[in-house]
Each structure stands twice: as C-alpha cells, then as structure tokens.
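Q: Got a file for you: input12.txt, compact mmCIF, N, CA and C atoms.
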```txt
# COMPACT_ATOMS: atom_id res chain seq x y z
N MET A 393 7.78 -1.75 2.17
CA MET A 393 9.03 -1.45 2.82
C MET A 393 8.81 -0.31 3.80
N ARG A 394 9.13 -0.53 5.04
CA ARG A 394 8.97 0.46 6.11
C ARG A 394 7.58 1.08 6.11
N GLY A 395 6.59 0.25 5.83
CA GLY A 395 5.20 0.71 5.89
C GLY A 395 4.69 1.40 4.64
N ARG A 396 5.51 1.48 3.61
CA ARG A 396 5.09 2.13 2.37
C ARG A 396 4.69 1.08 1.33
N LEU A 397 3.76 1.48 0.49
CA LEU A 397 3.36 0.65 -0.63
C LEU A 397 4.26 0.98 -1.81
N TRP A 398 4.68 -0.05 -2.53
CA TRP A 398 5.53 0.15 -3.71
C TRP A 398 4.91 -0.59 -4.88
N ARG A 399 4.89 0.06 -6.02
CA ARG A 399 4.31 -0.53 -7.21
C ARG A 399 5.20 -1.67 -7.72
N THR A 400 4.56 -2.76 -8.10
CA THR A 400 5.29 -3.89 -8.65
C THR A 400 5.46 -3.71 -10.16
N ALA A 401 6.31 -4.50 -10.74
CA ALA A 401 6.51 -4.46 -12.19
C ALA A 401 5.23 -4.90 -12.89
N ASP A 402 5.07 -4.43 -14.09
CA ASP A 402 3.92 -4.77 -14.91
C ASP A 402 3.89 -6.28 -15.16
N PRO A 403 2.86 -6.98 -14.68
CA PRO A 403 2.80 -8.43 -14.90
C PRO A 403 2.55 -8.79 -16.36
N GLY A 404 2.23 -7.81 -17.18
CA GLY A 404 2.02 -8.07 -18.60
C GLY A 404 3.31 -8.17 -19.40
N LEU A 405 4.43 -7.85 -18.77
CA LEU A 405 5.72 -7.97 -19.47
C LEU A 405 6.07 -9.45 -19.64
N SER A 406 6.67 -9.77 -20.75
CA SER A 406 7.12 -11.15 -20.94
C SER A 406 8.25 -11.43 -19.95
N ASP A 407 8.43 -12.69 -19.61
CA ASP A 407 9.51 -13.06 -18.69
C ASP A 407 10.86 -12.60 -19.23
N GLU A 408 11.06 -12.77 -20.53
CA GLU A 408 12.33 -12.39 -21.14
C GLU A 408 12.57 -10.88 -21.01
N ARG A 409 11.55 -10.08 -21.31
CA ARG A 409 11.70 -8.62 -21.21
C ARG A 409 11.92 -8.19 -19.77
N ARG A 410 11.15 -8.78 -18.85
CA ARG A 410 11.30 -8.41 -17.43
C ARG A 410 12.71 -8.76 -16.94
N GLU A 411 13.21 -9.92 -17.30
CA GLU A 411 14.57 -10.31 -16.88
C GLU A 411 15.62 -9.35 -17.44
N ARG A 412 15.45 -8.96 -18.70
CA ARG A 412 16.40 -8.03 -19.31
C ARG A 412 16.35 -6.68 -18.60
N LEU A 413 15.14 -6.19 -18.33
CA LEU A 413 15.00 -4.89 -17.67
C LEU A 413 15.51 -4.93 -16.23
N VAL A 414 15.28 -6.02 -15.53
CA VAL A 414 15.80 -6.15 -14.16
C VAL A 414 17.33 -6.16 -14.20
N GLY A 415 17.90 -6.83 -15.18
CA GLY A 415 19.36 -6.81 -15.34
C GLY A 415 19.88 -5.40 -15.57
N GLU A 416 19.17 -4.64 -16.41
CA GLU A 416 19.56 -3.24 -16.65
C GLU A 416 19.43 -2.42 -15.37
N LEU A 417 18.36 -2.66 -14.62
CA LEU A 417 18.16 -1.94 -13.36
C LEU A 417 19.29 -2.23 -12.38
N MET A 418 19.64 -3.49 -12.23
CA MET A 418 20.70 -3.86 -11.29
C MET A 418 22.05 -3.27 -11.73
N ALA A 419 22.33 -3.29 -13.02
CA ALA A 419 23.58 -2.70 -13.52
C ALA A 419 23.61 -1.20 -13.25
N ALA A 420 22.48 -0.55 -13.44
CA ALA A 420 22.41 0.89 -13.19
C ALA A 420 22.59 1.19 -11.70
N ARG A 421 22.00 0.36 -10.84
CA ARG A 421 22.17 0.56 -9.39
C ARG A 421 23.63 0.37 -8.98
N ARG A 422 24.28 -0.63 -9.57
CA ARG A 422 25.71 -0.81 -9.28
C ARG A 422 26.51 0.40 -9.76
N ALA A 423 26.15 0.94 -10.92
CA ALA A 423 26.85 2.11 -11.46
C ALA A 423 26.68 3.32 -10.55
N VAL A 424 25.53 3.45 -9.90
CA VAL A 424 25.34 4.54 -8.94
C VAL A 424 26.38 4.42 -7.83
N GLY A 425 26.54 3.24 -7.28
CA GLY A 425 27.50 3.02 -6.20
C GLY A 425 28.93 3.28 -6.63
N VAL A 426 29.28 2.80 -7.80
CA VAL A 426 30.64 3.00 -8.31
C VAL A 426 30.91 4.49 -8.48
N ALA A 427 29.97 5.20 -9.08
CA ALA A 427 30.15 6.63 -9.32
C ALA A 427 30.20 7.40 -7.99
N ARG A 428 29.37 7.00 -7.05
CA ARG A 428 29.35 7.67 -5.75
C ARG A 428 30.68 7.49 -5.03
N ARG A 429 31.18 6.25 -5.04
CA ARG A 429 32.47 5.99 -4.38
C ARG A 429 33.62 6.73 -5.06
N ALA A 430 33.51 6.93 -6.37
CA ALA A 430 34.55 7.63 -7.12
C ALA A 430 34.39 9.16 -7.02
N GLY A 431 33.27 9.60 -6.47
CA GLY A 431 33.04 11.04 -6.37
C GLY A 431 32.76 11.68 -7.72
N ASP A 432 32.25 10.90 -8.67
CA ASP A 432 31.98 11.37 -10.03
C ASP A 432 30.50 11.75 -10.14
N ALA A 433 30.20 13.03 -9.93
CA ALA A 433 28.81 13.50 -9.92
C ALA A 433 28.11 13.29 -11.26
N ALA A 434 28.82 13.51 -12.36
CA ALA A 434 28.21 13.35 -13.67
C ALA A 434 27.85 11.89 -13.93
N ALA A 435 28.75 10.98 -13.58
CA ALA A 435 28.48 9.55 -13.75
C ALA A 435 27.35 9.10 -12.83
N GLU A 436 27.31 9.65 -11.64
CA GLU A 436 26.23 9.29 -10.71
C GLU A 436 24.88 9.75 -11.25
N ALA A 437 24.84 10.97 -11.78
CA ALA A 437 23.59 11.48 -12.35
C ALA A 437 23.14 10.62 -13.53
N ALA A 438 24.08 10.21 -14.37
CA ALA A 438 23.75 9.35 -15.51
C ALA A 438 23.24 8.00 -15.03
N ALA A 439 23.85 7.47 -13.98
CA ALA A 439 23.43 6.18 -13.44
C ALA A 439 22.03 6.28 -12.83
N HIS A 440 21.75 7.37 -12.12
CA HIS A 440 20.40 7.58 -11.56
C HIS A 440 19.37 7.66 -12.68
N ALA A 441 19.73 8.32 -13.79
CA ALA A 441 18.83 8.41 -14.93
C ALA A 441 18.58 7.03 -15.52
N ALA A 442 19.60 6.18 -15.55
CA ALA A 442 19.44 4.82 -16.06
C ALA A 442 18.54 3.99 -15.14
N VAL A 443 18.66 4.19 -13.83
CA VAL A 443 17.77 3.52 -12.87
C VAL A 443 16.33 3.94 -13.15
N ASP A 444 16.11 5.24 -13.29
CA ASP A 444 14.77 5.76 -13.54
C ASP A 444 14.20 5.20 -14.85
N ALA A 445 15.01 5.15 -15.90
CA ALA A 445 14.55 4.62 -17.18
C ALA A 445 14.15 3.16 -17.06
N ALA A 446 14.93 2.37 -16.34
CA ALA A 446 14.61 0.95 -16.16
C ALA A 446 13.33 0.79 -15.36
N LYS A 447 13.15 1.59 -14.31
CA LYS A 447 11.95 1.50 -13.50
C LYS A 447 10.70 1.90 -14.30
N HIS A 448 10.84 2.91 -15.15
CA HIS A 448 9.72 3.28 -16.03
C HIS A 448 9.39 2.13 -16.99
N ALA A 449 10.42 1.54 -17.58
CA ALA A 449 10.20 0.44 -18.53
C ALA A 449 9.55 -0.76 -17.85
N LEU A 450 9.89 -1.00 -16.58
CA LEU A 450 9.29 -2.10 -15.83
C LEU A 450 7.85 -1.80 -15.39
N GLY A 451 7.47 -0.52 -15.44
CA GLY A 451 6.14 -0.13 -15.00
C GLY A 451 6.08 0.23 -13.53
N GLU A 452 7.23 0.33 -12.87
CA GLU A 452 7.28 0.66 -11.45
C GLU A 452 7.14 2.16 -11.23
N ARG A 453 7.34 2.94 -12.28
CA ARG A 453 7.17 4.39 -12.24
C ARG A 453 6.44 4.80 -13.51
N GLY A 454 5.95 6.02 -13.51
CA GLY A 454 5.29 6.54 -14.70
C GLY A 454 3.82 6.17 -14.73
N PRO A 455 3.25 6.19 -15.93
CA PRO A 455 1.82 5.87 -16.06
C PRO A 455 1.51 4.48 -15.52
N VAL A 456 0.34 4.34 -14.91
CA VAL A 456 -0.03 3.03 -14.35
C VAL A 456 -0.28 2.05 -15.47
N TRP A 457 -0.04 0.78 -15.20
CA TRP A 457 -0.23 -0.26 -16.20
C TRP A 457 -1.56 -0.99 -16.03
N TRP A 458 -2.24 -0.77 -14.92
CA TRP A 458 -3.51 -1.45 -14.70
C TRP A 458 -4.65 -0.62 -15.28
N THR A 459 -5.77 -1.28 -15.52
CA THR A 459 -6.88 -0.62 -16.22
C THR A 459 -8.18 -0.64 -15.43
N ASP A 460 -8.12 -1.00 -14.14
CA ASP A 460 -9.36 -1.09 -13.37
C ASP A 460 -9.74 0.21 -12.68
N GLY A 461 -8.98 1.26 -12.89
CA GLY A 461 -9.30 2.56 -12.31
C GLY A 461 -8.80 2.75 -10.89
N ALA A 462 -8.14 1.75 -10.32
CA ALA A 462 -7.61 1.87 -8.96
C ALA A 462 -6.54 2.96 -8.93
N PRO A 463 -6.48 3.72 -7.83
CA PRO A 463 -5.49 4.79 -7.75
C PRO A 463 -4.07 4.25 -7.61
N ASP A 464 -3.13 5.07 -8.00
CA ASP A 464 -1.71 4.73 -7.83
C ASP A 464 -1.31 5.16 -6.43
N LEU A 465 -1.10 4.21 -5.56
CA LEU A 465 -0.74 4.51 -4.16
C LEU A 465 0.75 4.29 -3.92
N ASN A 466 1.54 4.29 -4.97
CA ASN A 466 2.98 4.11 -4.85
C ASN A 466 3.55 5.12 -3.86
N ARG A 467 4.34 4.62 -2.93
CA ARG A 467 5.03 5.39 -1.91
C ARG A 467 4.12 5.95 -0.81
N HIS A 468 2.84 5.63 -0.82
CA HIS A 468 1.96 6.05 0.25
C HIS A 468 2.16 5.14 1.46
N MET A 469 1.93 5.67 2.64
CA MET A 469 1.98 4.85 3.84
C MET A 469 0.78 3.92 3.81
N ALA A 470 1.02 2.62 3.96
CA ALA A 470 -0.05 1.63 3.87
C ALA A 470 -1.14 1.90 4.90
N ARG A 471 -0.77 2.37 6.07
CA ARG A 471 -1.75 2.57 7.15
C ARG A 471 -2.73 3.69 6.85
N THR A 472 -2.45 4.51 5.82
CA THR A 472 -3.35 5.62 5.49
C THR A 472 -4.12 5.36 4.20
N THR A 473 -4.13 4.11 3.75
CA THR A 473 -4.80 3.77 2.50
C THR A 473 -5.89 2.74 2.74
N VAL A 474 -6.54 2.34 1.67
CA VAL A 474 -7.56 1.29 1.76
C VAL A 474 -6.95 -0.05 2.15
N TYR A 475 -5.63 -0.14 2.15
CA TYR A 475 -4.93 -1.38 2.52
C TYR A 475 -4.54 -1.40 4.00
N ALA A 476 -5.02 -0.48 4.79
CA ALA A 476 -4.63 -0.37 6.20
C ALA A 476 -4.90 -1.65 6.98
N ASP A 477 -6.09 -2.23 6.82
CA ASP A 477 -6.41 -3.45 7.57
C ASP A 477 -5.52 -4.61 7.15
N TRP A 478 -5.29 -4.75 5.85
CA TRP A 478 -4.39 -5.79 5.34
C TRP A 478 -3.00 -5.61 5.93
N PHE A 479 -2.50 -4.39 5.92
CA PHE A 479 -1.16 -4.12 6.42
C PHE A 479 -1.07 -4.41 7.91
N ALA A 480 -2.08 -4.02 8.67
CA ALA A 480 -2.07 -4.24 10.11
C ALA A 480 -2.09 -5.73 10.47
N ALA A 481 -2.62 -6.55 9.58
CA ALA A 481 -2.70 -7.99 9.85
C ALA A 481 -1.42 -8.74 9.49
N LEU A 482 -0.49 -8.07 8.82
CA LEU A 482 0.78 -8.73 8.45
C LEU A 482 1.60 -9.02 9.69
N PRO A 483 2.37 -10.11 9.69
CA PRO A 483 3.26 -10.39 10.82
C PRO A 483 4.30 -9.27 10.96
N SER A 484 4.63 -8.94 12.17
CA SER A 484 5.61 -7.90 12.44
C SER A 484 6.99 -8.37 12.03
N THR A 485 7.78 -7.45 11.50
CA THR A 485 9.18 -7.78 11.15
C THR A 485 10.14 -7.16 12.14
N ASP A 486 9.60 -6.58 13.22
CA ASP A 486 10.47 -5.99 14.25
C ASP A 486 11.20 -7.09 14.99
N PRO A 487 12.47 -6.83 15.36
CA PRO A 487 13.25 -7.85 16.09
C PRO A 487 12.72 -8.10 17.48
```
What is this structure when it is put down as structure tokens?
A:
Amino acid sequence: MRGRLWRTADPGLSDERRERLVGELMAARRAVGVARRAGDAAAEAAAHAAVDAAKHALGERGPVWWTDGAPDLNRHMARTTVYADWFAALPSTDP
C-alpha cells in the first residue's frame, strides 16, 4: 500500500480461526468509526486496542510467524528493501 510492505496473516492459521479473527478485526474497525463519530475517546481507545489484539492474533503484528530468519520488513518502503526490483516491476496503479 502506497509503496510500503505489509505483513500478511499467518498462513498457518486454520481457515476457521482466520475467518473468526478477521471478523473480530472488522468489528473492531467499525467500532473505531462509531466511537470517533460519537466523540467518545474512551470507546475509541478500546476499539483501537481491539484492532491491535486482532492483528496480533492474526500474526500481522508482534513476533514474526516465519522461521526462515528473514527480517520483518513490515511498514518499510519497498523501494529500500531487498524487494525493490520486484516492486519496481509491478504495474503502476497511478491514474
């Protein structure tokens, strides 16, 4: 997204668990919006914490789930990583 690398969910999760966690993530994201629109800072903070918990459970944040020793390049600009050539070869999404 916008030239950044983002960690994917742990492929070792069962389909059932991944679906449940994605549902929790989406509900938490909706709760962030509801709380923000209501101006409820405490509810928004709780919703952000729920988003973070779901992302950790999915493996998108926190300790890496892979075991090959590759570095965690989450949120790094693709053009400054070992994936620079791959990224440069992708079709442009500019209008």
Q: Contacts of segment 457-473 of chain A at 6.5 Å or less, counting all atoms listed in the file, minus same-chain residues fewer than 5 places along, as a PyMOL selection string?
A: chain A and resi 395-399+402+451+479
Q: Using only C-alpha atoms, can you tell me which of A:Leu405, A:Leu417, A:Val426, A:Leu482 comes closest to Asp444 of chain A?
A: A:Leu417
Q: Report, in Å with one decimal, the straight-line distance from atom CA of Ala439 of chain A to atom N of Ala423 of chain A.
A: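 A separation of 6.4 Å between them.
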